[in-house]
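Participant: Sharing input-v9.txt, compact mmCIF, C-alpha atoms:
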```txt
# COMPACT_ATOMS: atom_id res chain seq x y z
CA MET A 1206 0.00 0.00 0.00
CA LEU A 1207 1.40 3.39 -0.99
CA LEU A 1208 1.96 5.86 1.82
CA GLY A 1209 -0.34 8.45 0.23
CA ALA A 1210 -3.13 5.87 -0.16
CA LYS A 1211 -2.73 4.81 3.49
CA GLU A 1212 -2.96 8.40 4.69
CA SER A 1213 -6.04 9.04 2.56
CA MET A 1214 -7.66 5.89 3.93
CA LEU A 1215 -6.95 6.78 7.57
CA ARG A 1216 -8.20 10.33 6.99
CA ARG A 1217 -11.39 8.92 5.43
CA VAL A 1218 -11.90 6.67 8.50
CA ALA A 1219 -11.34 9.57 10.89
CA ALA A 1220 -14.09 11.54 9.11
CA ASP A 1221 -16.59 8.93 10.37
CA ILE A 1222 -15.66 9.55 14.01
CA VAL A 1223 -18.29 12.03 15.12
CA PRO A 1224 -18.45 14.08 18.33
CA GLY A 1225 -19.66 12.25 21.40
CA MET A 1226 -18.56 8.78 20.34
CA THR A 1227 -16.61 6.30 22.46
CA VAL A 1228 -14.21 4.58 20.06
CA ASN A 1229 -11.68 1.74 20.28
CA LEU A 1230 -8.80 1.63 17.80
CA GLY A 1231 -7.38 -1.88 17.28
CA ILE A 1232 -3.71 -2.84 16.91
CA GLY A 1233 -2.21 -2.15 13.48
CA LEU A 1234 -3.72 0.23 10.93
CA PRO A 1235 -6.57 1.40 13.24
CA THR A 1236 -4.31 2.89 15.94
CA GLY A 1237 -2.93 5.15 13.18
CA VAL A 1238 -6.34 6.82 12.84
CA ILE A 1239 -5.65 8.79 16.03
CA GLN A 1240 -3.32 11.13 14.10
CA TYR A 1241 -6.15 12.07 11.68
CA ILE A 1242 -8.94 12.93 14.10
CA THR A 1243 -9.52 16.68 13.84
CA PRO A 1244 -7.98 18.41 16.87
CA GLY A 1245 -10.70 19.70 19.17
CA THR A 1246 -13.11 16.88 18.27
CA CYS A 1247 -15.11 15.82 21.33
CA VAL A 1248 -14.37 12.09 21.29
CA CYS A 1249 -13.56 9.46 23.92
CA LEU A 1250 -10.95 6.93 22.83
CA HIS A 1251 -10.84 3.66 24.78
CA SER A 1252 -7.68 1.56 24.80
CA GLU A 1253 -8.09 -2.01 26.02
CA ASN A 1254 -4.95 -1.82 28.16
CA GLY A 1255 -6.94 0.34 30.58
CA ILE A 1256 -7.42 3.90 29.37
CA VAL A 1257 -10.39 6.06 28.42
CA GLY A 1258 -9.47 9.50 27.18
CA VAL A 1259 -6.50 8.56 24.97
CA ALA A 1260 -4.84 11.40 23.06
CA PRO A 1261 -2.06 11.39 20.46
CA THR A 1262 1.51 12.32 21.27
CA THR A 1263 2.72 15.58 19.81
CA PRO A 1264 6.30 16.45 18.83
CA GLY A 1265 8.27 17.49 21.91
CA ASP A 1266 6.28 15.32 24.34
CA THR A 1267 8.40 13.37 26.81
CA PRO A 1268 7.15 9.77 26.50
CA ASP A 1269 5.66 8.22 29.65
CA ARG A 1270 6.86 4.58 29.73
CA ASN A 1271 3.56 3.59 31.38
CA LEU A 1272 1.34 5.30 28.82
CA VAL A 1273 1.08 3.32 25.59
CA ASP A 1274 -1.74 2.06 23.39
CA ALA A 1275 -2.60 -1.62 22.98
CA GLY A 1276 0.06 -1.96 20.27
CA GLY A 1277 2.77 -0.48 22.49
CA ALA A 1278 3.01 2.96 20.84
CA TYR A 1279 3.32 5.96 23.13
CA VAL A 1280 0.14 7.98 23.65
CA THR A 1281 -0.95 10.73 26.03
CA ASN A 1282 -4.19 11.24 27.93
CA LEU A 1283 -6.76 14.01 27.89
CA PRO A 1284 -7.62 15.98 31.03
CA GLY A 1285 -10.37 13.90 32.65
CA ALA A 1286 -9.03 10.56 31.41
CA ALA A 1287 -9.21 7.45 33.60
CA PHE A 1288 -7.00 4.38 34.08
CA PHE A 1289 -8.31 0.97 35.16
CA ASP A 1290 -7.47 -2.73 35.19
CA SER A 1291 -8.07 -5.20 32.36
CA ALA A 1292 -11.25 -6.68 33.90
CA VAL A 1293 -12.84 -3.22 34.06
CA SER A 1294 -11.56 -2.42 30.58
CA PHE A 1295 -13.50 -5.35 29.13
CA ALA A 1296 -16.52 -4.71 31.33
CA ILE A 1297 -16.70 -1.45 29.36
CA VAL A 1298 -16.52 -3.42 26.10
CA ARG A 1299 -18.89 -6.29 26.90
CA SER A 1300 -21.58 -4.08 28.44
CA GLY A 1301 -21.92 -2.16 25.18
CA ARG A 1302 -20.23 1.15 26.02
CA ILE A 1303 -18.13 1.19 22.84
CA ASP A 1304 -19.94 3.02 20.00
CA LEU A 1305 -17.42 2.17 17.31
CA THR A 1306 -14.57 -0.33 17.08
CA LEU A 1307 -12.08 -0.21 14.24
CA LEU A 1308 -10.19 -3.44 13.60
CA GLY A 1309 -7.68 -4.85 11.15
CA ALA A 1310 -8.44 -7.96 9.07
CA PHE A 1311 -6.88 -11.04 7.49
CA GLU A 1312 -10.22 -11.59 5.72
CA VAL A 1313 -13.59 -9.82 5.84
CA SER A 1314 -16.67 -11.16 4.09
CA CYS A 1315 -19.58 -9.50 2.29
CA HIS A 1316 -21.77 -10.73 5.18
CA GLY A 1317 -19.71 -8.82 7.74
CA ASP A 1318 -17.80 -11.85 9.01
CA LEU A 1319 -14.30 -11.01 10.26
CA ALA A 1320 -11.17 -13.18 10.54
CA ASN A 1321 -8.15 -11.48 12.07
CA TRP A 1322 -6.49 -13.68 14.68
CA LYS A 1323 -5.34 -16.98 13.21
CA ILE A 1324 -3.79 -18.20 9.98
CA PRO A 1325 -3.41 -21.91 10.75
CA VAL A 1326 0.18 -23.22 10.62
CA LYS A 1327 1.57 -19.90 9.31
CA PHE A 1328 0.87 -17.04 11.70
CA THR A 1329 -1.32 -16.98 14.77
CA PRO A 1330 -0.83 -13.76 16.73
CA GLY A 1331 -3.93 -14.45 18.87
CA MET A 1332 -7.15 -12.53 19.19
CA GLY A 1333 -6.15 -10.07 21.90
CA GLY A 1334 -9.36 -8.16 22.60
CA ALA A 1335 -10.72 -8.44 19.07
CA ILE A 1336 -13.40 -11.08 19.67
CA GLU A 1337 -15.08 -9.05 22.41
CA LEU A 1338 -14.62 -5.74 20.61
CA ALA A 1339 -16.09 -7.18 17.40
CA GLN A 1340 -18.97 -9.00 19.11
CA LYS A 1341 -19.98 -6.31 21.59
CA SER A 1342 -19.32 -2.85 20.10
CA ARG A 1343 -22.34 -1.03 18.68
CA ARG A 1344 -20.64 -0.61 15.29
CA VAL A 1345 -17.61 -2.39 13.86
CA GLY A 1346 -15.45 -0.99 11.06
CA VAL A 1347 -12.61 -2.83 9.38
CA ILE A 1348 -9.52 -1.04 8.06
CA THR A 1349 -7.38 -3.10 5.72
CA SER A 1350 -5.22 -3.02 2.64
CA HIS A 1351 -7.54 -3.96 -0.23
CA VAL A 1352 -5.33 -6.90 -1.24
CA ASP A 1353 -2.68 -8.88 0.64
CA ARG A 1354 1.05 -8.85 -0.18
CA LYS A 1355 0.52 -11.43 -2.92
CA GLY A 1356 -2.29 -9.38 -4.47
CA ASN A 1357 -5.14 -11.61 -3.24
CA PRO A 1358 -8.37 -9.88 -2.21
CA LYS A 1359 -8.95 -9.50 1.52
CA ILE A 1360 -12.65 -8.85 0.94
CA VAL A 1361 -14.19 -12.24 0.20
CA SER A 1362 -17.62 -13.83 -0.25
CA GLU A 1363 -16.94 -16.31 2.59
CA CYS A 1364 -14.10 -16.26 5.14
CA THR A 1365 -11.91 -19.36 5.06
CA LEU A 1366 -9.88 -18.51 8.19
CA PRO A 1367 -11.09 -19.02 11.79
CA LEU A 1368 -13.58 -16.26 12.61
CA THR A 1369 -13.25 -13.45 15.11
CA ALA A 1370 -16.95 -12.60 14.84
CA ARG A 1371 -19.82 -13.45 12.52
CA GLY A 1372 -21.88 -10.76 10.80
CA ARG A 1373 -20.67 -7.86 12.95
CA VAL A 1374 -18.77 -5.66 10.47
CA SER A 1375 -20.86 -2.82 9.10
CA ARG A 1376 -18.27 -0.81 7.14
CA ILE A 1377 -15.02 -1.70 5.36
CA TYR A 1378 -12.32 0.88 4.62
CA THR A 1379 -9.48 0.06 2.26
CA ASP A 1380 -6.86 2.01 0.33
CA MET A 1381 -9.13 1.62 -2.75
CA ALA A 1382 -12.69 2.06 -1.47
CA VAL A 1383 -15.23 2.19 1.32
CA PHE A 1384 -18.07 -0.36 1.46
CA ASP A 1385 -21.09 -0.74 3.68
CA VAL A 1386 -22.18 -4.24 4.61
CA THR A 1387 -25.94 -4.44 4.01
CA PRO A 1388 -28.43 -7.31 4.37
CA THR A 1389 -28.14 -7.83 0.60
CA GLY A 1390 -24.32 -7.67 0.47
CA LEU A 1391 -21.66 -5.03 -0.09
CA SER A 1392 -22.56 -1.52 -1.14
CA LEU A 1393 -19.79 0.68 -2.54
CA ILE A 1394 -20.06 4.15 -1.02
CA ASP A 1395 -16.66 5.72 -1.76
CA ILE A 1396 -13.86 5.05 -4.19
CA ALA A 1397 -10.30 6.37 -4.01
CA ASP A 1398 -9.16 8.96 -6.53
CA GLY A 1399 -7.84 7.33 -9.71
CA ILE A 1400 -9.45 3.92 -9.09
CA SER A 1401 -12.12 2.68 -11.52
CA VAL A 1402 -15.03 0.46 -10.55
CA ARG A 1403 -13.68 -2.11 -13.00
CA GLU A 1404 -10.28 -2.19 -11.25
CA LEU A 1405 -12.06 -2.44 -7.93
CA ARG A 1406 -14.16 -5.42 -9.07
CA SER A 1407 -11.06 -7.33 -10.13
CA ALA A 1408 -9.38 -6.68 -6.75
CA THR A 1409 -12.44 -7.63 -4.66
CA GLY A 1410 -13.41 -11.22 -3.86
CA ALA A 1411 -17.13 -10.48 -3.52
CA GLU A 1412 -19.84 -8.80 -5.58
CA PHE A 1413 -20.81 -5.25 -4.67
CA ASP A 1414 -23.56 -2.82 -5.55
CA VAL A 1415 -22.60 0.64 -6.85
CA SER A 1416 -25.93 2.46 -6.70
CA ALA A 1417 -25.03 4.20 -3.41
CA LEU A 1418 -21.62 5.39 -4.64
CA ASN A 1419 -20.74 8.85 -3.45
CA PRO A 1420 -19.83 10.90 -6.55
CA THR A 1421 -17.00 12.66 -4.69
CA THR A 1422 -13.95 10.45 -4.42
CA PHE A 1423 -11.65 10.58 -1.40
CA VAL A 1424 -8.08 11.64 -1.99
CA MET B 515 -3.16 -0.81 69.12
CA PHE B 516 -2.04 -3.38 66.54
CA THR B 517 0.29 -2.96 63.60
CA LEU B 518 -0.16 -4.46 60.17
CA PRO B 519 2.36 -7.15 59.20
CA SER B 520 5.35 -6.19 57.05
CA LYS B 521 6.03 -8.38 54.00
CA PHE B 522 9.41 -7.20 52.68
CA ILE B 523 11.64 -10.04 51.55
CA ARG B 524 14.82 -10.54 49.48
CA ILE B 525 14.10 -11.23 45.83
CA GLU B 526 16.20 -14.44 45.86
CA GLU B 527 14.17 -15.87 48.71
CA ALA B 528 10.79 -14.92 47.27
CA VAL B 529 11.49 -16.36 43.82
CA SER B 530 13.15 -19.54 45.19
CA GLN B 531 9.68 -20.78 46.12
CA ILE B 532 8.87 -21.17 42.41
CA ARG B 533 9.80 -24.74 41.52
CA ASP B 534 9.73 -26.86 38.37
CA GLY B 535 6.22 -27.25 36.97
CA ALA B 536 4.76 -24.21 38.70
CA VAL B 537 1.88 -22.17 37.22
CA VAL B 538 2.93 -18.52 37.25
CA MET B 539 0.84 -15.47 36.41
CA ILE B 540 2.85 -12.47 35.23
CA GLY B 541 1.34 -8.98 35.14
CA GLY B 542 1.83 -6.46 32.35
CA PHE B 543 0.39 -5.55 28.97
CA GLY B 544 3.36 -5.11 26.67
CA ALA B 545 6.12 -3.44 28.67
CA PRO B 546 4.01 -1.37 31.12
CA GLY B 547 3.41 -3.28 34.32
CA THR B 548 5.65 -6.21 33.39
CA PRO B 549 7.69 -7.27 36.47
CA PHE B 550 11.06 -7.33 34.68
CA PHE B 551 13.09 -7.73 37.91
CA LEU B 552 11.16 -10.77 39.10
CA ILE B 553 11.37 -12.32 35.62
CA GLU B 554 15.17 -11.82 35.56
CA GLU B 555 15.46 -13.51 38.93
CA LEU B 556 13.29 -16.38 37.67
CA VAL B 557 15.66 -16.72 34.69
CA ARG B 558 18.67 -16.70 37.04
CA GLN B 559 17.23 -19.39 39.34
CA GLY B 560 16.02 -21.38 36.33
CA PRO B 561 13.01 -23.52 37.35
CA ARG B 562 11.66 -25.37 34.30
CA HIS B 563 8.42 -26.76 32.86
CA LEU B 564 6.58 -23.61 33.87
CA THR B 565 3.08 -22.69 32.77
CA ILE B 566 2.97 -18.93 32.25
CA ILE B 567 -0.27 -16.93 32.27
CA LYS B 568 0.29 -13.50 30.74
CA ASN B 569 -1.68 -11.23 28.45
CA ASP B 570 1.08 -11.21 25.83
CA ALA B 571 4.62 -12.54 25.32
CA ASN B 572 6.33 -9.11 25.48
CA GLU B 573 8.77 -8.53 22.62
CA THR B 574 11.72 -10.65 21.52
CA GLY B 575 14.53 -10.55 24.11
CA SER B 576 12.41 -8.84 26.76
CA GLY B 577 10.26 -9.88 29.73
CA VAL B 578 8.55 -13.24 29.28
CA ASP B 579 10.64 -13.89 26.17
CA ARG B 580 13.68 -14.27 28.46
CA LEU B 581 11.95 -17.29 30.04
CA LEU B 582 10.96 -18.66 26.63
CA GLU B 583 14.44 -18.39 25.14
CA ASN B 584 15.91 -19.97 28.29
CA GLY B 585 13.72 -23.05 27.75
CA GLN B 586 11.85 -22.69 31.04
CA VAL B 587 8.31 -22.58 29.65
CA ASP B 588 6.19 -25.55 28.52
CA ARG B 589 2.91 -23.71 28.15
CA ILE B 590 1.60 -20.17 27.96
CA VAL B 591 -1.99 -19.00 28.42
CA THR B 592 -2.33 -15.65 26.67
CA SER B 593 -4.42 -13.45 24.40
CA HIS B 594 -1.83 -12.21 21.89
CA ILE B 595 1.79 -13.02 21.02
CA GLY B 596 1.94 -11.19 17.69
CA LEU B 597 4.58 -8.68 18.83
CA ASN B 598 7.05 -11.46 19.73
CA SER B 599 8.28 -13.31 16.63
CA ASN B 600 10.33 -15.68 18.80
CA ALA B 601 7.20 -16.83 20.65
CA VAL B 602 5.34 -17.33 17.34
CA ARG B 603 8.25 -19.41 16.02
CA MET B 604 8.49 -21.53 19.19
CA MET B 605 4.74 -22.19 18.97
CA ASN B 606 4.97 -23.14 15.28
CA GLU B 607 7.88 -25.50 16.04
CA GLY B 608 5.89 -27.15 18.83
CA ARG B 609 8.40 -26.10 21.51
CA ILE B 610 5.72 -24.34 23.57
CA ASP B 611 2.03 -25.04 23.91
CA VAL B 612 -0.08 -21.87 23.57
CA GLU B 613 -3.67 -21.48 24.74
CA PHE B 614 -5.27 -18.34 23.31
CA VAL B 615 -8.02 -16.74 25.39
CA PRO B 616 -9.92 -13.56 24.41
CA GLN B 617 -8.34 -10.78 26.41
CA GLY B 618 -11.34 -9.78 28.51
CA ILE B 619 -12.25 -13.42 29.12
CA LEU B 620 -8.67 -14.03 30.27
CA ALA B 621 -9.04 -11.09 32.65
CA GLU B 622 -12.43 -12.25 33.87
CA ARG B 623 -11.30 -15.87 34.39
CA ILE B 624 -8.45 -14.53 36.53
CA ARG B 625 -10.74 -12.10 38.33
CA ALA B 626 -13.20 -14.93 38.99
CA ALA B 627 -10.48 -17.06 40.62
CA GLY B 628 -9.41 -14.08 42.70
CA ALA B 629 -13.01 -13.52 43.76
CA GLY B 630 -13.39 -17.14 44.90
CA LEU B 631 -15.68 -18.14 42.02
CA ILE B 632 -15.56 -21.40 40.04
CA GLY B 633 -16.49 -19.93 36.67
CA PHE B 634 -18.95 -17.74 34.76
CA VAL B 635 -21.16 -17.76 31.67
CA THR B 636 -20.58 -15.52 28.64
CA ASP B 637 -21.67 -15.31 25.01
CA VAL B 638 -18.23 -14.01 23.98
CA GLY B 639 -16.62 -16.45 21.57
CA ILE B 640 -19.82 -18.01 20.25
CA ASP B 641 -19.46 -18.62 16.47
CA THR B 642 -15.68 -18.95 16.93
CA GLU B 643 -13.14 -21.69 17.77
CA VAL B 644 -13.06 -20.30 21.30
CA ALA B 645 -16.39 -22.03 22.01
CA ASN B 646 -15.16 -25.45 20.81
CA GLY B 647 -15.43 -28.12 23.45
CA LYS B 648 -16.95 -25.83 26.06
CA GLN B 649 -20.18 -26.51 27.87
CA CYS B 650 -23.18 -24.45 26.67
CA VAL B 651 -25.48 -22.99 29.29
CA GLU B 652 -28.89 -21.37 28.79
CA ILE B 653 -29.92 -18.62 31.20
CA GLY B 654 -33.19 -16.74 30.70
CA GLY B 655 -33.33 -17.71 27.03
CA LYS B 656 -29.76 -16.57 26.31
CA VAL B 657 -27.16 -19.13 25.36
CA GLY B 658 -23.64 -18.76 26.72
CA ILE B 659 -20.55 -20.84 27.24
CA LEU B 660 -19.14 -21.82 30.59
CA GLU B 661 -15.73 -20.29 31.26
CA THR B 662 -13.74 -21.62 34.21
CA ALA B 663 -11.86 -19.56 36.77
CA LEU B 664 -8.11 -19.40 36.16
CA ALA B 665 -5.83 -19.54 39.22
CA ALA B 666 -2.08 -19.90 39.62
CA ASP B 667 0.52 -21.03 42.14
CA PHE B 668 2.29 -17.65 41.94
CA ALA B 669 1.58 -14.15 40.67
CA LEU B 670 4.46 -11.83 39.78
CA VAL B 671 3.29 -8.23 40.00
CA HIS B 672 4.83 -4.83 39.25
CA ALA B 673 3.53 -1.90 41.30
CA THR B 674 4.45 1.76 41.43
CA ARG B 675 4.15 2.01 45.20
CA SER B 676 3.75 -0.40 48.07
CA ASP B 677 3.49 0.06 51.79
CA PRO B 678 4.85 -2.64 54.15
CA PHE B 679 1.50 -4.48 54.20
CA GLY B 680 1.35 -4.60 50.39
CA ASN B 681 -1.30 -1.99 49.71
CA LEU B 682 -0.46 -1.11 46.12
CA THR B 683 -0.84 1.67 43.60
CA PHE B 684 -0.20 1.40 39.88
CA SER B 685 0.52 3.97 37.17
CA ALA B 686 -1.46 4.61 33.99
CA ALA B 687 -1.57 1.61 31.64
CA ALA B 688 0.82 -0.35 33.91
CA ARG B 689 -2.16 -1.45 36.04
CA ASN B 690 -3.71 -3.85 33.46
CA PHE B 691 -3.57 -7.46 34.74
CA ASN B 692 -1.51 -6.76 37.87
CA PRO B 693 -4.25 -6.28 40.49
CA ILE B 694 -6.45 -9.15 39.27
CA MET B 695 -3.51 -11.56 39.07
CA ALA B 696 -2.45 -10.54 42.56
CA MET B 697 -5.89 -11.75 43.69
CA ALA B 698 -5.78 -15.10 41.86
CA ALA B 699 -2.57 -16.78 43.03
CA GLY B 700 -1.57 -18.90 45.99
CA GLN B 701 1.47 -16.68 46.55
CA THR B 702 1.65 -13.11 45.26
CA ILE B 703 5.09 -11.55 44.89
CA VAL B 704 5.27 -7.81 44.21
CA GLU B 705 8.16 -5.71 42.93
CA ALA B 706 7.53 -2.07 43.87
CA GLU B 707 9.29 0.95 42.37
CA GLU B 708 8.84 2.83 45.62
CA CYS B 709 8.22 1.49 49.11
CA VAL B 710 6.56 3.82 51.59
CA GLY B 711 5.52 3.69 55.22
CA PRO B 712 2.21 2.57 56.71
CA GLY B 713 -0.46 5.18 56.00
CA ASP B 714 1.54 6.89 53.26
CA ILE B 715 -0.94 5.52 50.76
CA ALA B 716 -4.30 6.89 51.89
CA PRO B 717 -6.84 4.06 52.39
CA ASP B 718 -9.10 5.58 49.71
CA HIS B 719 -6.23 5.67 47.22
CA VAL B 720 -5.24 2.00 47.44
CA HIS B 721 -5.66 0.23 44.06
CA LEU B 722 -5.09 -3.27 45.46
CA PRO B 723 -5.51 -4.06 49.16
CA GLY B 724 -2.52 -5.68 50.84
CA ALA B 725 -4.71 -8.59 51.91
CA PHE B 726 -3.87 -10.16 48.52
CA VAL B 727 -0.09 -9.68 48.77
CA ASP B 728 2.39 -12.14 50.30
CA HIS B 729 5.85 -10.76 49.51
CA ILE B 730 7.21 -7.33 48.54
CA ILE B 731 10.53 -6.60 46.85
CA ASP B 732 11.82 -3.03 47.10
CA MET B 733 13.22 -2.25 43.66
CA PHE B 734 15.34 0.48 45.19
CA GLU B 735 17.50 -2.35 46.55
CA LEU B 736 18.00 -3.60 42.98
CA SER B 737 18.96 -0.36 41.32
CA GLU B 738 22.02 -1.81 39.55
CA VAL B 739 19.73 -3.61 37.10
CA SER B 740 17.21 -0.80 36.78
CA ASN B 741 17.89 -0.57 33.05
CA VAL B 742 15.59 -3.53 32.52
CA VAL B 743 12.63 -1.32 33.38
CA GLY B 744 13.05 0.83 30.28
CA ARG B 745 11.50 -0.06 26.94
```
As a first step, turn the structure in this file into structure tokens.
Facilitator:
Amino acid sequence: MLLGAKESMLRRVAADIVPGMTVNLGIGLPTGVIQYITPGTCVCLHSENGIVGVAPTTPGDTPDRNLVDAGGAYVTNLPGAAFFDSAVSFAIVRSGRIDLTLLGAFEVSCHGDLANWKIPVKFTPGMGGAIELAQKSRRVGVITSHVDRKGNPKIVSECTLPLTARGRVSRIYTDMAVFDVTPTGLSLIDIADGISVRELRSATGAEFDVSALNPTTFV
Amino acid sequence: MFTLPSKFIRIEEAVSQIRDGAVVMIGGFGAPGTPFFLIEELVRQGPRHLTIIKNDANETGSGVDRLLENGQVDRIVTSHIGLNSNAVRMMNEGRIDVEFVPQGILAERIRAAGAGLIGFVTDVGIDTEVANGKQCVEIGGKVGILETALAADFALVHATRSDPFGNLTFSAAARNFNPIMAMAAGQTIVEAEECVGPGDIAPDHVHLPGAFVDHIIDMFELSEVSNVVGR
């Protein structure tokens, strides 16, 4: 994925974070969204390692070795933030306090199924908090490169890898497009500048509808 | 008047209780809250065939990975090892057995043990491999799976402050699994960055009551290896 395309994608994701939300950013691409949330936005970021009120670091900050996000990157906290243990952190998740969770994916299906914790034999990082975040957040968005390193689609008609959650993903953001998951399948709502629908179809492992496509591309 | 017991001990003596085959919980989420001093002493003393319960496997060459690379671990119960390529390789080569548990379920299983419970029912993990082989339970029309409490022989805990009785405070994201693991083990050993006198931590400001703590190591006494605390 080109750097410019990644930035555009993360900026497009950040535009969907609206004031008042409580949001969890998963390890990997999602934690990068924090740099693109408009400063001054009234938003509560939850980090599963025991923080609500996460804020980005700014140049010149002295890192606090005890203040990192779930992926280990340094963060800061807003005035009014709170720290708590891991049992409380997931009480917040399971009881439905998270409005939006953004997660990475190995595979995501047109039905909203997500696989992101186990590639049998090859690479099993583990699920971390993803199963609970995906099953219990009010909305779940996936942020992923449109294709894997070998060029295979990550958006598929059926997941083949062990699932993280079934039918919970409602929006998929990639470096090429944004899709909504609807009861009738994928609906294309945004396409990156310079990408044609034809190119997109050949890079996507599931059918999608284009009638809801936003005429303004994201760049 | 009474006085509360004091639990300070030398690190060598505290860790020498951990023998071959022990089940050891280790606090921390990534580097914050990981008891690096206690882990180094466990490496030095070298008990083997350990089962480790820890949220993650730290990073290569650090924390729990020191026990893995020293061949002391048979099994690890964890939620995520993706930031430690050595742990992933050892798992793939069959040199360690890894049980993956969703992070909040891992926390709650530990908390349940610490609260004297046998288990609990949750719908987390339904539709996934996590539910395989577990007993289904129906309560009020909702179907859940039975998760068992997870206890250990020892908990190794990193605290910011401790008083002599073991009342603890933690800092920022270094709290994570430390207080719940301290509750769930037969013997809880704490390394504290700062040790203070009785009453210096106000009763309302205690994060973990000393009732759960057995032994306290004053890290000030170990300052020559303090570089292991840094990331």
Participant: Might you pull out every residue within 9 Å of segment 1272-1275 of chain A, with all atoms listed in the file counted and same-chain residues fewer than 5 positions away left off, and present them as a list in words?
Facilitator: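 Neighbouring residues, sequence-local ones excluded: Leu1230, Gly1231, Ile1232, Thr1236, Ser1252, Glu1253, Asn1254, Gly1255, Ile1256, Val1259, Val1280, Thr1281 and Asn1282 of chain A; Phe543, Gly544, Ala545, Pro546, Ser685, Ala686, Ala687 and Ala688 of chain B.
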Participant: At what distance in Å, to one decimal, does atom CA of Ala536 of chain B lie from atom CA of Phe1289 of chain A?
Facilitator: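 These two atoms are separated by 28.6 Å.
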Participant: Counting all atoms listed in the file, collect the residues of chain B whose closest atom lies at most 9 Å from chain A, and write them out as a PDB file with C-alpha atoms, in the frame of the given file.
Facilitator:
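Okay, this is what ended up in iface-v6.pdb:
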```pdb
ATOM      1  CA  PHE B 543       0.390  -5.550  28.970  1.00  0.00           C
ATOM      2  CA  GLY B 544       3.360  -5.110  26.670  1.00  0.00           C
ATOM      3  CA  ALA B 545       6.120  -3.440  28.670  1.00  0.00           C
ATOM      4  CA  PRO B 546       4.010  -1.370  31.120  1.00  0.00           C
ATOM      5  CA  GLY B 547       3.410  -3.280  34.320  1.00  0.00           C
ATOM      6  CA  ASN B 569      -1.680 -11.230  28.450  1.00  0.00           C
ATOM      7  CA  ASP B 570       1.080 -11.210  25.830  1.00  0.00           C
ATOM      8  CA  THR B 592      -2.330 -15.650  26.670  1.00  0.00           C
ATOM      9  CA  SER B 593      -4.420 -13.450  24.400  1.00  0.00           C
ATOM     10  CA  HIS B 594      -1.830 -12.210  21.890  1.00  0.00           C
ATOM     11  CA  ILE B 595       1.790 -13.020  21.020  1.00  0.00           C
ATOM     12  CA  GLY B 596       1.940 -11.190  17.690  1.00  0.00           C
ATOM     13  CA  LEU B 597       4.580  -8.680  18.830  1.00  0.00           C
ATOM     14  CA  ASN B 598       7.050 -11.460  19.730  1.00  0.00           C
ATOM     15  CA  VAL B 602       5.340 -17.330  17.340  1.00  0.00           C
ATOM     16  CA  ARG B 603       8.250 -19.410  16.020  1.00  0.00           C
ATOM     17  CA  ASN B 606       4.970 -23.140  15.280  1.00  0.00           C
ATOM     18  CA  PHE B 614      -5.270 -18.340  23.310  1.00  0.00           C
ATOM     19  CA  VAL B 615      -8.020 -16.740  25.390  1.00  0.00           C
ATOM     20  CA  PRO B 616      -9.920 -13.560  24.410  1.00  0.00           C
ATOM     21  CA  GLN B 617      -8.340 -10.780  26.410  1.00  0.00           C
ATOM     22  CA  GLY B 618     -11.340  -9.780  28.510  1.00  0.00           C
ATOM     23  CA  ILE B 619     -12.250 -13.420  29.120  1.00  0.00           C
ATOM     24  CA  LEU B 620      -8.670 -14.030  30.270  1.00  0.00           C
ATOM     25  CA  ALA B 621      -9.040 -11.090  32.650  1.00  0.00           C
ATOM     26  CA  GLU B 622     -12.430 -12.250  33.870  1.00  0.00           C
ATOM     27  CA  ILE B 624      -8.450 -14.530  36.530  1.00  0.00           C
ATOM     28  CA  ARG B 625     -10.740 -12.100  38.330  1.00  0.00           C
ATOM     29  CA  VAL B 638     -18.230 -14.010  23.980  1.00  0.00           C
ATOM     30  CA  GLY B 639     -16.620 -16.450  21.570  1.00  0.00           C
ATOM     31  CA  ILE B 640     -19.820 -18.010  20.250  1.00  0.00           C
ATOM     32  CA  ASP B 641     -19.460 -18.620  16.470  1.00  0.00           C
ATOM     33  CA  THR B 642     -15.680 -18.950  16.930  1.00  0.00           C
ATOM     34  CA  GLU B 643     -13.140 -21.690  17.770  1.00  0.00           C
ATOM     35  CA  SER B 685       0.520   3.970  37.170  1.00  0.00           C
ATOM     36  CA  ALA B 686      -1.460   4.610  33.990  1.00  0.00           C
ATOM     37  CA  ALA B 687      -1.570   1.610  31.640  1.00  0.00           C
ATOM     38  CA  ALA B 688       0.820  -0.350  33.910  1.00  0.00           C
ATOM     39  CA  ARG B 689      -2.160  -1.450  36.040  1.00  0.00           C
ATOM     40  CA  ASN B 690      -3.710  -3.850  33.460  1.00  0.00           C
ATOM     41  CA  PHE B 691      -3.570  -7.460  34.740  1.00  0.00           C
ATOM     42  CA  ASN B 692      -1.510  -6.760  37.870  1.00  0.00           C
ATOM     43  CA  PRO B 693      -4.250  -6.280  40.490  1.00  0.00           C
ATOM     44  CA  ILE B 694      -6.450  -9.150  39.270  1.00  0.00           C
ATOM     45  CA  GLY B 744      13.050   0.830  30.280  1.00  0.00           C
ATOM     46  CA  ARG B 745      11.500  -0.060  26.940  1.00  0.00           C
TER      47      ARG B 745
END
```
Participant: Might you pull out every residue within 10 Å of Met1206 of chain A, with all atoms listed in the file counted and same-chain residues fewer than 3 positions away left off, and present them as a short mmCIF file (atom, residue, chain, number, x, y, z; two decimals) with C-alpha atoms, keeping the file's coordinate frame?
Facilitator:
```
data_model
loop_
_atom_site.label_atom_id
_atom_site.label_comp_id
_atom_site.auth_asym_id
_atom_site.auth_seq_id
_atom_site.Cartn_x
_atom_site.Cartn_y
_atom_site.Cartn_z
CA GLY A 1209 -0.34 8.45 0.23
CA ALA A 1210 -3.13 5.87 -0.16
CA LYS A 1211 -2.73 4.81 3.49
CA THR A 1349 -7.38 -3.10 5.72
CA SER A 1350 -5.22 -3.02 2.64
CA HIS A 1351 -7.54 -3.96 -0.23
CA VAL A 1352 -5.33 -6.90 -1.24
CA ASP A 1353 -2.68 -8.88 0.64
CA ARG A 1354 1.05 -8.85 -0.18
CA THR A 1379 -9.48 0.06 2.26
CA ASP A 1380 -6.86 2.01 0.33
CA MET A 1381 -9.13 1.62 -2.75
#
```
